[in-house]
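Q: I am attaching a structure below and will ask some questions about it afterwards.
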Amino acid sequence: MKTRALFTLNALFLSLLVFNSTADAQEQEVPKLEIGVQYSPLSINLPVFGGTETALGFGGRVTYNFNNYFAVEAEGNLFPSDLSSRYTTGGASEQLQAGLKAGKRWKRFGLFAKARPGLVSFGDTVRPELVTISGTTVTQFQHERKTHFSMDVGGVLEFYPSRRMLVRFDAGDTIIRYGAHDESFFGTSPSVFRVGPEVQHNFQFTGGIGFRFGEGSGDGDSSPGPFAAGERVRRFEAGIQFSSLALRLPSDGSRFTDRGSGTEAGGGLRFGVNATNDLAFEVEGNFYPRKRYGIDTAVGGYPSQLQAGVKYGRRFERFGVFGKARPGLVHFSRVEEVTGYDPVVFGSQTFFFPNFRSVSKTYFSMDLGGVFEFYPSKRLLTRFDVGDTMIHYPDRDNPTTFTGTPPLRLPAELRHNLQVTAGLGFRF
């Protein structure tokens, strides 16, 4: 029902644009070809088991503009993060979408709707098989790639720092249809049964830049940028952003090797003060709405983040490049803290079983990285941040069962976490 409604709204929107495009023949026509790059977190709502996993990826896009209102485009994304292996999803994944973009383009920005069918492929899914070993029937799992049909329906917001350059943000519903597949049941005797098709809706955000080629009416870009040489930028900035944090998990006591990472997707607000054209002081807060479950003495619940520090670099007419250093805090709303151990004797061996209580935990963090800004106008900016958010986890009690005495403590750890942010800002 939701999918049908989205298609209906897009069809009505495209019909209105047909009439609108014939009434505005005096506009300069945009160059025909666009090539872009982007980063794209995809929040995957898992079938069967439920829950959500976020895959952080990057890719490229090619667009052909028929006119200022209609375009066809193809986009491919690679998600290298290793998702948990399941019956329909798992491992690294790839995405290909191709379809129609239609909307309205103004001098400094454009608003569009998109409808793009395609495919999403997962590189490490599992398929159960029943085998007989020494007269006993057991379930074995074969690893394989699975590819599913998808439909990307949503909106596009573009900004134009110049005639040849654009900054683009996409937000929409990537609908994935999982086909019929086998699953296993572990009861008194193992069995394999067939599960029918299932459709899941998945939020996807994309931020990137593009470059235009080819002819168009009024071709060329001789107009000055929003900032003349030496002109002072406005002092205050306020912005909103979407942020993805690839959270590398600290040790959990069961093993001291790397536990991998889990990407959190969220958003927040930013406020800055420009001391000069090159130096700014800023504070940023982000909230990540996916709740982390399980017994973990370091991370859990809803993550949130606050960073404050300096940004320093060089600002040009249409864009700026900066470095940033921002200490701060990362907070987890529900962490399982060990309150003590109960000794239990089995035979001649003493086992220590931990007791837990739920608390919130806050850790020191440091955000180091780079900032890229593009300026459609003197008051408006678009911004991309890429950096390393380092989180310091202090030493803590071991959450696992131990033999002998005393129970071990987990040492303090410093974890490096890739963070990518894309957003809009307003100067005043």
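By convention in this document, the chains of the structure tokens carry letters A, B, ... by their order, each chain's residues are numbered from 1, and ligands are numbered from 1 in the order they are shown.
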If we count only C-alpha atoms and set the cut-off at 10 Å, which residues sit around Val299 of chain A, ignoring sequence neighbours fewer than 4 positions away in its own chain? Please answer as number ranges by chain.
A: A: 247, 249-250, 252, 292-295, 303, 331-336, 360-362, 393
Q: As a tab-separated table (two decimals) with N, CA and C atoms, in the first residue's frame, please: the residues near segment 86-99 of chain A (cut-off 8 Å, only C-alpha atoms, same-chain neighbours under 3 positions excluded).
A:
```
chain	number	residue	atom	x	y	z
A	46	LEU	N	15.82	-5.52	8.17
A	46	LEU	CA	16.05	-6.93	7.89
A	46	LEU	C	14.73	-7.71	7.86
A	47	PRO	N	14.55	-8.55	6.86
A	47	PRO	CA	13.38	-9.43	6.86
A	47	PRO	C	13.56	-10.57	7.84
A	72	VAL	N	17.26	11.44	-17.22
A	72	VAL	CA	17.42	10.02	-16.92
A	72	VAL	C	18.81	9.85	-16.32
A	73	GLU	N	18.93	8.89	-15.40
A	73	GLU	CA	20.21	8.73	-14.72
A	73	GLU	C	20.40	7.30	-14.23
A	74	ALA	N	21.66	6.97	-14.03
A	74	ALA	CA	22.04	5.67	-13.48
A	74	ALA	C	23.04	5.91	-12.36
A	75	GLU	N	22.90	5.16	-11.28
A	75	GLU	CA	23.75	5.33	-10.11
A	75	GLU	C	24.15	3.97	-9.56
A	76	GLY	N	25.42	3.84	-9.21
A	76	GLY	CA	25.91	2.62	-8.60
A	76	GLY	C	26.63	2.92	-7.30
A	77	ASN	N	26.38	2.10	-6.27
A	77	ASN	CA	27.01	2.28	-4.96
A	77	ASN	C	27.62	0.97	-4.49
A	78	LEU	N	28.76	1.08	-3.82
A	78	LEU	CA	29.42	-0.06	-3.20
A	78	LEU	C	29.42	0.14	-1.70
A	79	PHE	N	28.96	-0.88	-0.96
A	79	PHE	CA	28.91	-0.85	0.50
A	79	PHE	C	29.89	-1.89	1.03
A	80	PRO	N	31.11	-1.48	1.38
A	80	PRO	CA	32.13	-2.47	1.78
A	80	PRO	C	31.95	-3.02	3.18
A	81	SER	N	31.09	-2.41	4.01
A	81	SER	CA	30.91	-2.90	5.37
A	81	SER	C	30.36	-4.33	5.35
A	82	ASP	N	30.88	-5.16	6.25
A	82	ASP	CA	30.56	-6.58	6.28
A	82	ASP	C	29.35	-6.81	7.17
A	83	LEU	N	28.16	-6.95	6.59
A	83	LEU	CA	26.94	-7.20	7.34
A	83	LEU	C	26.89	-8.66	7.80
A	114	LYS	N	12.25	11.45	-7.87
A	114	LYS	CA	12.95	10.40	-8.62
A	114	LYS	C	12.23	9.07	-8.46
A	115	ALA	N	12.30	8.26	-9.48
A	115	ALA	CA	11.76	6.90	-9.47
A	115	ALA	C	12.71	6.05	-10.29
A	116	ARG	N	13.46	5.15	-9.61
A	116	ARG	CA	14.55	4.45	-10.28
A	116	ARG	C	14.56	2.97	-9.88
A	117	PRO	N	14.09	2.09	-10.74
A	117	PRO	CA	14.20	0.66	-10.46
A	117	PRO	C	15.66	0.21	-10.52
A	118	GLY	N	15.93	-0.94	-9.91
A	118	GLY	CA	17.30	-1.43	-9.92
A	118	GLY	C	17.47	-2.73	-9.18
A	119	LEU	N	18.70	-2.96	-8.71
A	119	LEU	CA	19.08	-4.20	-8.03
A	119	LEU	C	19.95	-3.89	-6.82
A	120	VAL	N	19.78	-4.69	-5.76
A	120	VAL	CA	20.68	-4.66	-4.60
A	120	VAL	C	21.20	-6.08	-4.40
A	121	SER	N	22.53	-6.23	-4.34
A	121	SER	CA	23.14	-7.55	-4.27
A	121	SER	C	23.96	-7.68	-2.99
A	122	PHE	N	23.80	-8.80	-2.29
A	122	PHE	CA	24.53	-9.08	-1.04
A	122	PHE	C	25.49	-10.24	-1.29
A	123	GLY	N	26.75	-10.05	-0.91
A	123	GLY	CA	27.79	-10.99	-1.29
A	123	GLY	C	27.95	-12.21	-0.42
A	124	ASP	N	27.33	-12.24	0.78
A	124	ASP	CA	27.55	-13.37	1.69
A	124	ASP	C	26.28	-13.70	2.45
A	125	THR	N	25.31	-14.33	1.77
A	125	THR	CA	24.11	-14.83	2.43
A	125	THR	C	24.27	-16.34	2.65
A	126	VAL	N	23.37	-16.92	3.45
A	126	VAL	CA	23.46	-18.34	3.74
A	126	VAL	C	22.21	-19.06	3.24
A	127	ARG	N	22.43	-20.31	2.81
A	127	ARG	CA	21.34	-21.18	2.36
A	127	ARG	C	21.46	-22.50	3.12
A	146	LYS	N	23.23	-13.26	-3.16
A	146	LYS	CA	21.83	-13.11	-3.54
A	146	LYS	C	21.59	-11.68	-4.03
A	150	SER	N	14.96	-3.90	-6.61
A	150	SER	CA	14.77	-2.74	-5.75
A	150	SER	C	14.12	-1.61	-6.53
A	151	MET	N	13.53	-0.67	-5.80
A	151	MET	CA	12.95	0.54	-6.37
A	151	MET	C	13.28	1.71	-5.47
A	152	ASP	N	13.95	2.70	-6.02
A	152	ASP	CA	14.34	3.90	-5.27
A	152	ASP	C	13.36	5.02	-5.60
A	178	TYR	N	12.62	-9.20	-1.44
A	178	TYR	CA	13.37	-10.43	-1.19
A	178	TYR	C	12.55	-11.60	-1.72
A	181	HIS	N	12.87	-18.11	-0.43
A	181	HIS	CA	14.14	-18.71	-0.07
A	181	HIS	C	13.93	-19.75	1.02
A	182	ASP	N	14.95	-20.57	1.24
A	182	ASP	CA	14.90	-21.62	2.28
A	182	ASP	C	15.41	-21.08	3.60
A	183	GLU	N	14.79	-21.53	4.68
A	183	GLU	CA	15.25	-21.25	6.03
A	183	GLU	C	15.25	-22.55	6.82
```
Q: Could you pull out all residues of segment 218-421 of chain A with a DSSP call of strand (DSSP E or B) and give them as a PyMOL selection string?
A: chain A and resi 236-248+261-274+279-287+292+301+303-315+319-346+349-374+380-393+396-397+402-403+409-410+413-421
Q: If you count only C-alpha atoms, which residues fall within 6 Å of segment 373-378 of chain A, apart from same-chain ones fewer than 5 positions away, as a ChimeraX atom specification?
A: /A:108,160-161,226,318-320,383
Q: Keeping only N, CA and C atoms, write the selected residues to a file as a short mmCIF file (atom, residue, chain, number, x, y, z; two decimals), in the first residue's frame.
A:
```cif
data_model
loop_
_atom_site.label_atom_id
_atom_site.label_comp_id
_atom_site.auth_asym_id
_atom_site.auth_seq_id
_atom_site.Cartn_x
_atom_site.Cartn_y
_atom_site.Cartn_z
N ARG A 108 19.71 29.06 -8.26
CA ARG A 108 20.67 28.57 -7.28
C ARG A 108 20.38 27.17 -6.76
N TYR A 160 23.59 24.95 -6.79
CA TYR A 160 24.45 25.25 -7.92
C TYR A 160 25.44 26.36 -7.57
N PRO A 161 26.64 26.00 -7.04
CA PRO A 161 27.66 27.02 -6.81
C PRO A 161 28.10 27.70 -8.10
N PRO A 226 30.08 33.87 -5.30
CA PRO A 226 29.41 34.64 -4.24
C PRO A 226 30.37 35.46 -3.40
N ARG A 318 33.85 30.12 -4.74
CA ARG A 318 32.70 29.20 -4.78
C ARG A 318 32.83 28.02 -3.83
N PHE A 319 33.99 27.82 -3.23
CA PHE A 319 34.16 26.67 -2.34
C PHE A 319 35.24 26.98 -1.32
N GLY A 320 35.30 26.12 -0.28
CA GLY A 320 36.31 26.25 0.75
C GLY A 320 36.81 24.88 1.18
N ARG A 383 27.87 21.52 2.85
CA ARG A 383 29.09 21.12 3.56
C ARG A 383 29.20 19.60 3.64
#
```
Q: For each of A:Ala71, A:Ala298, A:Leu33, A:Val153, take the minimum atom-to-atom distance to Ser358 of chain A, counting only C-alpha atoms, then give the residue where this is smallest.
A: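 Checking each of A:Ala71, A:Ala298, A:Leu33, A:Val153 against Ser358 of chain A, counting only C-alpha atoms, the winner is A:Ala298.
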Q: Atom CA of Gln28 of chain A and atom CA of Arg168 of chain A are how many Å apart?
A: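 Pair atom CA of Gln28 of chain A / atom CA of Arg168 of chain A returns 19.9 Å.
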Q: From the options A:Tyr302, A:Trp106, A:Phe149, A:Tyr39, which residue's atoms come nearest to Tyr69 of chain A, counting only C-alpha atoms?
A: A:Trp106
